[in-house]
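K.L.:
Handing over target.tsv, TSV, C-alpha atoms and all ligand atoms.
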chain	number	residue	atom	x	y	z
A	633	MET	CA	21.26	3.32	4.08
A	634	ASN	CA	18.98	5.16	6.49
A	635	GLN	CA	15.97	7.40	6.45
A	636	SER	CA	17.97	10.60	6.10
A	637	GLU	CA	18.70	9.35	2.58
A	638	ILE	CA	15.11	10.14	1.58
A	639	SER	CA	14.60	13.90	1.63
A	640	LEU	CA	11.68	16.15	0.84
A	641	GLU	CA	13.60	17.07	-2.31
A	642	ASP	CA	13.68	13.39	-3.37
A	643	ILE	CA	9.93	13.16	-2.92
A	644	ARG	CA	9.36	16.38	-4.88
A	645	ALA	CA	11.60	15.10	-7.66
A	646	ALA	CA	9.67	11.82	-7.67
A	647	ARG	CA	6.45	13.73	-8.09
A	648	GLU	CA	7.69	15.49	-11.22
A	649	ARG	CA	9.19	12.28	-12.57
A	650	ILE	CA	6.00	10.23	-12.30
A	651	ALA	CA	3.43	12.99	-12.88
A	652	ALA	CA	2.61	12.08	-16.48
A	653	HIS	CA	1.81	8.47	-15.49
A	654	ILE	CA	-0.16	9.02	-12.31
A	655	VAL	CA	-3.79	9.85	-11.61
A	656	PRO	CA	-3.73	12.89	-9.29
A	657	LEU	CA	-5.04	12.16	-5.78
A	658	ARG	CA	-8.73	12.89	-5.37
A	659	ILE	CA	-9.79	14.01	-1.88
A	660	THR	CA	-13.44	14.45	-0.94
A	661	PRO	CA	-15.26	15.09	2.36
A	662	SER	CA	-17.10	12.12	3.85
A	663	ALA	CA	-20.50	13.51	4.83
A	664	SER	CA	-21.40	10.45	6.83
A	665	LEU	CA	-18.14	10.11	8.81
A	666	SER	CA	-17.91	13.89	9.38
A	667	GLN	CA	-21.41	13.87	10.80
A	668	GLN	CA	-20.85	10.76	12.92
A	669	PHE	CA	-17.68	12.13	14.54
A	670	ASP	CA	-18.51	15.85	14.38
A	671	LYS	CA	-15.10	16.54	12.78
A	672	ASP	CA	-13.95	17.16	9.20
A	673	ILE	CA	-13.15	13.73	7.80
A	674	LEU	CA	-11.94	13.45	4.23
A	675	LEU	CA	-11.41	10.40	2.04
A	676	ALA	CA	-8.37	10.15	-0.25
A	677	HIS	CA	-9.45	8.02	-3.22
A	678	GLU	CA	-6.13	6.51	-4.28
A	679	TYR	CA	-7.80	3.28	-5.46
A	680	LEU	CA	-8.55	5.34	-8.62
A	681	GLN	CA	-4.94	4.74	-9.69
A	682	THR	CA	-4.71	2.85	-13.01
A	683	THR	CA	-3.79	-0.50	-11.46
A	684	GLY	CA	-6.25	-0.03	-8.62
A	685	ALA	CA	-3.73	0.86	-5.89
A	686	PHE	CA	-1.10	3.42	-4.90
A	687	LYS	CA	1.85	1.08	-5.54
A	688	LEU	CA	2.13	2.51	-9.03
A	689	ARG	CA	3.80	5.60	-7.57
A	690	GLY	CA	6.77	3.78	-6.08
A	691	ALA	CA	7.10	1.30	-8.93
A	692	MET	CA	7.01	4.07	-11.54
A	693	ASN	CA	9.54	6.17	-9.66
A	694	SER	CA	11.86	3.13	-9.58
A	695	VAL	CA	11.43	2.12	-13.21
A	696	LEU	CA	12.16	5.68	-14.34
A	697	GLN	CA	15.51	5.64	-12.48
A	698	LEU	CA	16.98	2.31	-13.60
A	699	GLU	CA	20.74	2.06	-13.94
A	700	PRO	CA	21.82	2.30	-17.60
A	701	GLY	CA	22.41	-1.14	-19.09
A	702	THR	CA	19.70	-2.85	-17.06
A	703	THR	CA	17.96	-5.58	-19.09
A	704	GLY	CA	14.59	-5.10	-17.43
A	705	VAL	CA	12.79	-5.32	-14.10
A	706	THR	CA	11.50	-8.23	-12.07
A	707	ALA	CA	9.57	-8.91	-8.86
A	708	VAL	CA	7.88	-11.77	-7.08
A	709	SER	CA	4.34	-10.51	-6.59
A	710	THR	CA	0.98	-11.11	-8.19
A	711	GLY	CA	-0.63	-8.59	-5.88
A	712	ASN	CA	-0.70	-4.82	-6.11
A	713	HIS	CA	3.07	-4.48	-6.38
A	714	GLY	CA	3.30	-6.93	-9.28
A	715	ARG	CA	0.48	-5.18	-11.07
A	716	ALA	CA	2.10	-1.78	-10.51
A	717	LEU	CA	5.48	-2.92	-11.76
A	718	ALA	CA	4.01	-4.57	-14.85
A	719	TRP	CA	2.17	-1.43	-15.85
A	720	SER	CA	5.04	0.94	-15.00
A	721	ALA	CA	7.48	-1.09	-17.05
A	722	ARG	CA	5.15	-1.13	-20.03
A	723	GLN	CA	4.69	2.64	-19.79
A	724	ALA	CA	8.45	3.14	-19.70
A	725	GLY	CA	9.13	0.57	-22.45
A	726	VAL	CA	11.19	-1.60	-20.10
A	727	PRO	CA	10.96	-5.44	-20.21
A	728	CYS	CA	9.34	-6.90	-17.08
A	729	ILE	CA	9.16	-10.47	-15.82
A	730	ILE	CA	6.94	-11.19	-12.83
A	731	CYS	CA	7.92	-14.47	-11.15
A	732	MET	CA	5.34	-16.57	-9.33
A	733	SER	CA	4.69	-20.08	-8.12
A	734	GLN	CA	2.31	-22.62	-9.69
A	735	LEU	CA	-0.12	-21.93	-6.86
A	736	VAL	CA	-1.07	-18.49	-8.16
A	737	PRO	CA	-4.78	-18.20	-9.04
A	738	GLN	CA	-5.53	-17.95	-12.77
A	739	ASN	CA	-7.25	-14.55	-12.50
A	740	LYS	CA	-4.19	-12.98	-10.84
A	741	LEU	CA	-1.91	-14.46	-13.50
A	742	GLU	CA	-4.12	-13.09	-16.27
A	743	GLY	CA	-4.30	-9.71	-14.54
A	744	ILE	CA	-0.52	-9.38	-14.60
A	745	ARG	CA	-0.32	-10.47	-18.25
A	746	ALA	CA	-3.05	-8.03	-19.24
A	747	LEU	CA	-0.95	-5.21	-17.77
A	748	GLY	CA	1.81	-6.11	-20.19
A	749	ALA	CA	4.35	-8.14	-18.21
A	750	GLU	CA	5.86	-11.48	-19.03
A	751	THR	CA	5.09	-14.05	-16.35
A	752	ARG	CA	7.35	-16.86	-15.21
A	753	ILE	CA	5.82	-19.69	-13.24
A	754	VAL	CA	8.35	-21.60	-11.19
A	755	GLY	CA	7.99	-24.19	-8.44
A	756	LYS	CA	5.39	-24.61	-5.77
A	757	SER	CA	6.26	-21.80	-3.37
A	758	GLN	CA	7.07	-18.11	-3.20
A	759	ASP	CA	10.65	-19.11	-2.25
A	760	GLU	CA	11.19	-21.01	-5.49
A	761	ALA	CA	9.83	-18.09	-7.50
A	762	GLU	CA	12.27	-15.87	-5.66
A	763	VAL	CA	15.20	-18.07	-6.65
A	764	GLU	CA	14.23	-17.53	-10.30
A	765	ALA	CA	13.95	-13.76	-9.83
A	766	ARG	CA	17.41	-13.67	-8.26
A	767	ARG	CA	18.76	-15.72	-11.17
A	768	LEU	CA	17.32	-13.14	-13.58
A	769	VAL	CA	19.21	-10.47	-11.64
A	770	GLU	CA	22.53	-12.31	-11.42
A	771	GLU	CA	22.67	-13.97	-14.84
A	772	ASP	CA	20.46	-11.87	-17.11
A	773	GLY	CA	21.01	-8.32	-15.83
A	774	TYR	CA	17.50	-7.65	-14.53
A	775	THR	CA	16.86	-5.29	-11.61
A	776	MET	CA	14.65	-6.49	-8.76
A	777	ILE	CA	12.17	-3.80	-7.66
A	778	PRO	CA	11.11	-4.43	-4.06
A	779	PRO	CA	7.60	-3.57	-2.82
A	780	PHE	CA	8.67	-1.19	-0.02
A	781	GLU	CA	12.31	-1.41	1.10
A	782	HIS	CA	13.96	1.01	-1.35
A	783	PRO	CA	14.43	4.81	-1.33
A	784	HIS	CA	12.93	5.20	-4.83
A	785	VAL	CA	9.82	3.25	-3.79
A	786	ILE	CA	9.41	5.18	-0.54
A	787	ALA	CA	9.90	8.53	-2.31
A	788	GLY	CA	7.27	7.51	-4.90
A	789	GLN	CA	4.71	6.62	-2.21
A	790	GLY	CA	5.62	9.87	-0.46
A	791	THR	CA	4.20	11.87	-3.37
A	792	LEU	CA	0.79	11.08	-1.82
A	793	GLY	CA	1.82	13.10	1.25
A	794	LEU	CA	2.70	16.10	-0.92
A	795	GLU	CA	-0.69	15.97	-2.63
A	796	MET	CA	-2.52	15.66	0.70
A	797	LEU	CA	-0.81	18.68	2.21
A	798	GLU	CA	-1.25	20.73	-0.94
A	799	GLN	CA	-5.00	20.07	-1.14
A	800	VAL	CA	-5.66	20.19	2.61
A	801	PRO	CA	-3.04	22.55	4.10
A	802	ASP	CA	-4.66	22.51	7.55
A	803	LEU	CA	-4.91	18.72	7.91
A	804	ASP	CA	-3.90	17.46	11.35
A	805	THR	CA	-4.34	13.67	11.18
A	806	VAL	CA	-3.74	11.08	8.45
A	807	LEU	CA	-4.83	7.44	8.65
A	808	VAL	CA	-2.57	5.23	6.54
A	809	GLN	CA	-2.52	1.46	6.06
A	810	LEU	CA	0.61	-0.35	7.17
A	811	SER	CA	2.32	-3.48	5.92
A	812	GLY	CA	5.95	-3.30	4.85
A	813	GLY	CA	5.78	0.40	5.65
A	814	GLY	CA	6.82	1.97	2.34
A	815	LEU	CA	3.52	3.81	2.04
A	816	ILE	CA	3.43	5.27	5.54
A	817	SER	CA	7.17	6.03	5.52
A	818	GLY	CA	6.89	8.10	2.36
A	819	ILE	CA	3.78	9.92	3.51
A	820	ALA	CA	5.21	10.61	6.98
A	821	LEU	CA	8.49	11.98	5.56
A	822	ALA	CA	6.66	14.18	3.03
A	823	ILE	CA	4.24	15.63	5.57
A	824	LYS	CA	6.31	15.84	8.75
A	825	SER	CA	9.23	17.53	7.04
A	826	GLN	CA	6.81	20.38	6.34
A	827	LYS	CA	4.36	20.11	9.23
A	828	PRO	CA	5.86	18.08	12.08
A	829	ASP	CA	2.72	18.27	14.22
A	830	VAL	CA	0.48	16.34	11.83
A	831	ARG	CA	-0.37	12.96	13.40
A	832	ILE	CA	0.36	9.98	11.18
A	833	ILE	CA	-1.45	6.84	12.31
A	834	GLY	CA	-0.66	3.41	10.90
A	835	ILE	CA	-3.39	0.81	10.64
A	836	SER	CA	-3.09	-2.90	10.00
A	837	MET	CA	-4.73	-6.21	10.87
A	838	GLU	CA	-4.47	-8.25	14.05
A	839	ARG	CA	-3.81	-11.38	11.99
A	840	GLY	CA	-0.12	-11.23	11.17
A	841	CYS	CA	1.24	-7.67	11.22
A	842	ALA	CA	5.02	-8.05	11.11
A	843	MET	CA	5.70	-4.31	11.46
A	844	TYR	CA	3.67	-4.08	14.66
A	845	ALA	CA	5.38	-7.11	16.19
A	846	SER	CA	8.75	-5.68	15.15
A	847	GLN	CA	8.08	-2.30	16.73
A	848	GLN	CA	7.03	-4.04	19.95
A	849	ALA	CA	10.23	-6.10	19.91
A	850	GLY	CA	12.44	-3.13	19.00
A	851	TYR	CA	13.94	-4.90	15.98
A	852	PRO	CA	12.59	-6.64	12.84
A	853	VAL	CA	10.93	-9.96	13.61
A	854	GLU	CA	8.90	-12.49	11.63
A	855	VAL	CA	5.31	-13.39	12.36
A	856	GLU	CA	3.18	-16.23	11.07
A	857	GLU	CA	1.25	-15.29	7.93
A	858	LEU	CA	-2.46	-15.79	8.42
A	859	PRO	CA	-5.35	-15.48	6.01
A	860	THR	CA	-6.99	-12.06	6.37
A	861	LEU	CA	-9.47	-9.85	4.56
A	862	ALA	CA	-6.63	-7.30	4.35
A	863	ASP	CA	-4.54	-9.64	2.18
A	864	SER	CA	-2.57	-6.78	0.61
A	865	LEU	CA	-1.23	-5.99	4.11
A	866	GLY	CA	0.27	-9.48	4.61
A	867	GLY	CA	3.93	-10.45	4.45
A	868	GLY	CA	7.07	-9.73	6.44
A	869	ILE	CA	9.22	-6.61	6.67
A	870	GLY	CA	12.52	-8.46	6.15
A	871	LEU	CA	14.83	-9.39	9.02
A	872	ASP	CA	17.48	-7.21	7.38
A	873	ASN	CA	15.12	-4.22	7.11
A	874	ARG	CA	17.18	-1.03	7.10
A	875	LEU	CA	14.71	1.64	6.04
A	876	THR	CA	11.04	1.32	6.85
A	877	PHE	CA	11.45	-0.13	10.35
A	878	GLY	CA	13.36	2.94	11.51
A	879	ILE	CA	11.16	5.44	9.69
A	880	VAL	CA	8.01	3.94	11.20
A	881	ARG	CA	9.65	3.96	14.65
A	882	ASP	CA	10.69	7.61	14.36
A	883	GLN	CA	7.87	9.19	12.34
A	884	VAL	CA	4.64	7.33	13.01
A	885	ASP	CA	2.62	8.49	16.01
A	886	GLN	CA	0.39	5.49	16.65
A	887	LEU	CA	-0.14	1.94	15.37
A	888	VAL	CA	-3.57	0.33	15.45
A	889	LEU	CA	-4.62	-3.25	14.65
A	890	LEU	CA	-8.07	-4.36	13.50
A	891	SER	CA	-10.00	-7.60	13.79
A	892	GLU	CA	-11.41	-9.21	10.66
A	893	GLU	CA	-14.91	-8.01	11.52
A	894	GLU	CA	-13.65	-4.43	11.95
A	895	ILE	CA	-12.06	-4.63	8.49
A	896	ALA	CA	-15.33	-5.98	7.07
A	897	ASP	CA	-17.15	-3.04	8.70
A	898	GLY	CA	-14.80	-0.69	6.85
A	899	ILE	CA	-15.57	-2.37	3.52
A	900	ARG	CA	-19.31	-2.19	4.21
A	901	HIS	CA	-19.21	1.47	5.23
A	902	ALA	CA	-17.25	2.35	2.08
A	903	TYR	CA	-19.84	0.58	-0.03
A	904	PHE	CA	-23.10	1.61	1.59
A	905	GLU	CA	-22.25	5.10	2.86
A	906	GLU	CA	-19.55	6.30	0.42
A	907	GLN	CA	-20.56	4.20	-2.61
A	908	VAL	CA	-17.01	3.05	-3.05
A	909	ILE	CA	-15.59	-0.45	-3.55
A	910	VAL	CA	-12.34	-0.95	-1.64
A	911	GLU	CA	-10.34	-4.03	-0.75
A	912	GLY	CA	-9.79	-5.07	2.87
A	913	GLY	CA	-6.40	-3.36	3.10
A	914	GLY	CA	-7.89	-0.21	1.61
A	915	ALA	CA	-10.70	-0.08	4.17
A	916	VAL	CA	-8.75	-0.24	7.45
A	917	GLY	CA	-8.73	3.54	8.01
A	918	ILE	CA	-12.52	3.66	7.94
A	919	GLY	CA	-12.61	0.47	10.03
A	920	ALA	CA	-10.36	2.02	12.70
A	921	LEU	CA	-12.63	5.06	13.01
A	922	LEU	CA	-15.80	2.99	13.19
A	923	ALA	CA	-14.21	0.74	15.84
A	924	ARG	CA	-13.27	3.86	17.83
A	925	LYS	CA	-9.68	2.70	17.88
A	926	VAL	CA	-8.51	6.06	16.49
A	927	GLU	CA	-9.53	9.49	17.68
A	928	PRO	CA	-10.03	11.71	14.59
A	929	GLY	CA	-8.48	15.18	14.59
A	930	GLU	CA	-10.23	18.39	13.55
A	931	LYS	CA	-9.26	17.63	9.94
A	932	THR	CA	-8.51	13.99	9.21
A	933	ILE	CA	-7.61	12.34	5.92
A	934	VAL	CA	-8.46	8.66	5.59
A	935	LEU	CA	-6.49	7.03	2.79
A	936	LEU	CA	-8.30	4.45	0.66
A	937	SER	CA	-5.25	2.74	-0.83
A	938	GLY	CA	-6.64	0.08	-3.15
A	939	ARG	CA	-9.68	-1.62	-4.62
A	940	ASN	CA	-8.39	-4.96	-5.89
A	941	ILE	CA	-10.77	-7.29	-4.11
A	942	ASP	CA	-12.35	-10.44	-5.46
A	943	MET	CA	-15.88	-9.25	-6.26
A	944	GLU	CA	-17.50	-12.48	-5.08
A	945	LEU	CA	-15.79	-11.98	-1.69
A	946	HIS	CA	-16.91	-8.35	-1.68
A	947	ARG	CA	-20.50	-9.41	-2.40
A	948	LYS	CA	-20.46	-11.83	0.53
A	949	ILE	CA	-19.06	-9.21	2.89
A	950	VAL	CA	-21.60	-6.54	2.04
A	951	ASN	CA	-24.42	-9.10	2.26
A	952	HIS	CA	-23.20	-10.29	5.67
A	953	GLU	CA	-22.73	-13.80	4.29
A	954	ASP	CA	-20.03	-16.11	5.64
A	955	TYR	CA	-16.85	-14.90	3.95
A	956	GLN	CA	-14.30	-17.17	5.65
A	957	ARG	CA	-12.13	-18.90	3.10
B	1	LIG	C1	0.88	-2.71	-0.34
B	1	LIG	C2	-0.38	-2.11	0.13
B	1	LIG	C3	-0.48	-1.43	1.36
B	1	LIG	C4	0.67	-1.34	2.34
B	1	LIG	O1	1.79	-0.69	1.83
B	1	LIG	P1	3.22	-0.89	2.52
B	1	LIG	O2	4.12	0.04	1.83
B	1	LIG	O3	3.61	-2.33	2.31
B	1	LIG	O4	3.05	-0.61	3.98
B	1	LIG	C5	-1.69	-0.83	1.69
B	1	LIG	N1	-2.77	-0.92	0.88
B	1	LIG	C6	-2.73	-1.57	-0.30
B	1	LIG	C7	-3.95	-1.61	-1.14
B	1	LIG	C8	-1.54	-2.19	-0.72
B	1	LIG	O5	-1.50	-2.82	-1.90
Would you encode the structure as structure tokens?
Ligand SMILES: *Cc1c(COP(=O)(O)O)cnc(C)c1O
P.N.:
Amino acid sequence: MNQSEISLEDIRAARERIAAHIVPLRITPSASLSQQFDKDILLAHEYLQTTGAFKLRGAMNSVLQLEPGTTGVTAVSTGNHGRALAWSARQAGVPCIICMSQLVPQNKLEGIRALGAETRIVGKSQDEAEVEARRLVEEDGYTMIPPFEHPHVIAGQGTLGLEMLEQVPDLDTVLVQLSGGGLISGIALAIKSQKPDVRIIGISMERGCAMYASQQAGYPVEVEELPTLADSLGGGIGLDNRLTFGIVRDQVDQLVLLSEEEIADGIRHAYFEEQVIVEGGGAVGIGALLARKVEPGEKTIVLLSGRNIDMELHRKIVNHEDYQR
């Protein structure tokens, strides 16, 4: 499998497939950022998606292409991917079991259940939950839907790139958050296959970005997972990564890492200047501009990818209270 297996046609087909289940991307100018940088800076409000993050696109595109005879879908995630898969499966009438460890916070568990998935709580670590998910695949005929490393997921996330280019045909720079790289891979393939000169800039946190470390090394590596405000950007890229590592290497123009305070600045700017609530991972594009770590183009889109933040944490951040956990 390699990146040439995801074509512009695949992304266009994904868009048609998921259209009925997706909130169209809303893009608005940011008066305050445009004024501050003297350039056109636009915000892409993808946190408006039903489950509060873009991951619905990839999950929905996967659920709608299951092999016949599949019992249902499963994943090990109580974050934005788990939420997306739960809701997609319910929409498509497909059984869904989200596996998790006993350590999962009650509110996340209830969030997944409210979106219509069955939950299975196994063991005291992510690894033990993963064993159960694999058992569901091997013994019960479930299909595991991964959060980023799959052509259907990448094509689904890529539909964002199509919408950006359609609404802003003369865009020249896009700021995209980066973790496993499914989001930025899809967007980069969708945009660069039509306009190769558009700059695609990936943004993540200094505390534990596996994709950045892997690109530096030249092959996929593991990094220590650290607590961060951008918790939805945590996690590895898989030592056997065969898709997103290469797409990021070949298609992404620049990678930028932010400190915790720079992420907090992004959250605060979104709240006070744009009147928008975003999670840490969603705010890194704004944070990178404010920190002057990215030079905006003449027409720059800043993606706001999700809003699923604990509101007590959000309150502390915007009030400049101590938010360390
Ligand atoms: C998952 C996620 C990302 C990163 O997406 P990848 O495909 O893993 O790079 C960014 N923002 C939010 C809100 C997310 O949930």
K.L.:
Using all atoms of ligand LIG 1 (chain B) listed in the file and a margin of 4 Å per side, can you give the axis-aligned box centre and edge lengths in Å to one decimal, as AutoDock Vina command-line options?
P.N.:
--center_x 0.1 --center_y -1.4 --center_z 1.0 --size_x 16.1 --size_y 10.9 --size_z 13.9
K.L.:
Name the residues, by chain letter and number, that sit within 7 Å of ligand LIG 1 (chain B) using only C-alpha atoms and all ligand atoms, and give them as a list in words.
P.N.:
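Final answer, ordered by chain and number: Ala685, Phe686, Lys687, Asn712, His713, Pro779, Phe780, Gln809, Leu810, Ser811, Gly812, Gly813, Gly814, Leu815, Ile816, Ser864, Leu865, Glu911, Gly913, Gly914, Ser937, Gly938 and Arg939 of chain A.
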K.L.:
So how far away is atom CA of A:Ile744 from atom CA of A:Ser720, in Å?
P.N.:
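Computing it gives 11.7 Å between the two atoms.
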K.L.:
Considering all atoms listed in the file, tabulate each residue of stretch 875-947 of chain A that lies at most 9 Å from stretch 828-850 of chain A along with its nearest interatomic pair and the corresponding distance in Å to one decimal; arrange the rows by chain and ascending residue number and present them as a Markdown table.
P.N.:
| residue | atom | partner | partner_atom | distance |
| --- | --- | --- | --- | --- |
| A:Phe877 | CA | A:Met843 | CA | 7.2 |
| A:Val880 | CA | A:Gln847 | CA | 8.3 |
| A:Arg881 | CA | A:Gln847 | CA | 6.8 |
| A:Gln883 | CA | A:Ile832 | CA | 7.6 |
| A:Val884 | CA | A:Ile832 | CA | 5.4 |
| A:Asp885 | CA | A:Ile832 | CA | 5.5 |
| A:Gln886 | CA | A:Ile833 | CA | 4.9 |
| A:Leu887 | CA | A:Gly834 | CA | 4.7 |
| A:Val888 | CA | A:Ile835 | CA | 4.8 |
| A:Leu889 | CA | A:Met837 | CA | 4.8 |
| A:Leu890 | CA | A:Met837 | CA | 4.6 |
| A:Ser891 | CA | A:Glu838 | CA | 5.6 |
| A:Glu892 | CA | A:Met837 | CA | 7.3 |
| A:Ile895 | CA | A:Met837 | CA | 7.9 |
| A:Gly913 | CA | A:Ser836 | CA | 7.7 |
| A:Val916 | CA | A:Ile835 | CA | 6.3 |
| A:Gly917 | CA | A:Ile835 | CA | 6.5 |
| A:Ala920 | CA | A:Ile835 | CA | 7.4 |
| A:Val926 | CA | A:Ile833 | CA | 8.2 |
| A:Gly929 | CA | A:Arg831 | CA | 8.5 |
K.L.:
Kindly export the residues of the current selection with C-alpha atoms, as a compact mmCIF listing (two decimals), in the frame of the given file.
P.N.:
# COMPACT_ATOMS: atom_id res chain seq x y z
CA PHE A 877 11.45 -0.13 10.35
CA VAL A 880 8.01 3.94 11.20
CA ARG A 881 9.65 3.96 14.65
CA GLN A 883 7.87 9.19 12.34
CA VAL A 884 4.64 7.33 13.01
CA ASP A 885 2.62 8.49 16.01
CA GLN A 886 0.39 5.49 16.65
CA LEU A 887 -0.14 1.94 15.37
CA VAL A 888 -3.57 0.33 15.45
CA LEU A 889 -4.62 -3.25 14.65
CA LEU A 890 -8.07 -4.36 13.50
CA SER A 891 -10.00 -7.60 13.79
CA GLU A 892 -11.41 -9.21 10.66
CA ILE A 895 -12.06 -4.63 8.49
CA GLY A 913 -6.40 -3.36 3.10
CA VAL A 916 -8.75 -0.24 7.45
CA GLY A 917 -8.73 3.54 8.01
CA ALA A 920 -10.36 2.02 12.70
CA VAL A 926 -8.51 6.06 16.49
CA GLY A 929 -8.48 15.18 14.59
K.L.:
Expressed in Å to a single decimal, how great is the separation between atom CA of A:Val705 and atom CA of A:Ile729?
P.N.:
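Distance between the two atoms: 6.5 Å.
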K.L.:
Pick out the closest residue to A:Ala862 from this set: A:Leu875, A:Val800, A:Ala915, A:Ala691. Count only C-alpha atoms.
P.N.:
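With only C-alpha atoms as the atom set, the closest residue is A:Ala915.
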K.L.:
Can you pull out the residues contacting A:Gln799? Cut-off 9 Å, using only C-alpha atoms, and skip same-chain residues under 4 positions away; I want them as a list in words.
P.N.:
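Returned residues: Ile659, Leu794 and Glu795 of chain A.
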K.L.:
For each of A:Lys931, A:Lys756, A:Arg647, A:His901, take the minimum atom-to-atom distance to A:Ile786, counting all atoms listed in the file, then give the residue where this is smallest.
P.N.:
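Among the listed residues, A:Arg647 lies closest to A:Ile786.
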K.L.:
Calculated over only C-alpha atoms, which of the candidates A:Ile869, A:Leu747, A:Ile879, A:Ile673 has the smallest distance to A:Leu921?
P.N.:
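Of A:Ile869, A:Leu747, A:Ile879, A:Ile673, the one nearest A:Leu921 is A:Ile673, counting only C-alpha atoms.
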K.L.:
With a distance cut-off of 8 Å and all atoms listed in the file, select the neighbouring residues of A:Thr791, excluding the residue or stretch itself and same-chain residues fewer than 2 positions from it, and output the selection as number ranges by chain.
P.N.:
A: 643-644, 646-647, 689, 787-789, 793-795, 818-819, 822
K.L.:
Just to confirm, what's the straight-line distance from atom CA of A:Val695 to atom CA of A:Ala724 in Å (one decimal)?
P.N.:
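Atom CA of A:Ala724 lies 7.2 Å from atom CA of A:Val695.
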K.L.:
Might you pull out every residue within 12 Å of A:Thr702, with only C-alpha atoms counted and same-chain residues fewer than 2 positions away left off, and present them as a ChimeraX atom specification?
P.N.:
/A:695-700,704-706,726-728,768-776
K.L.:
Counting only C-alpha atoms, which of A:Met732, A:Val855, A:Ala923, A:Ala896 gets nearest to A:Leu945?
P.N.:
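With only C-alpha atoms as the atom set, the closest residue is A:Ala896.
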K.L.:
Return the single residue from A:Ser666, A:Gly868, A:Met796, A:Gln907 that is closest to A:Glu856, with distances computed using only C-alpha atoms.
P.N.:
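With only C-alpha atoms as the atom set, the closest residue is A:Gly868.
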K.L.:
Given the choices A:Lys740, A:Leu807, A:Arg715, A:Ser709, which gets closest to A:Asp759 if the distance is worked out from all atoms listed in the file?
P.N.:
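Looking at the shortest contact to A:Asp759, the residue is A:Ser709.
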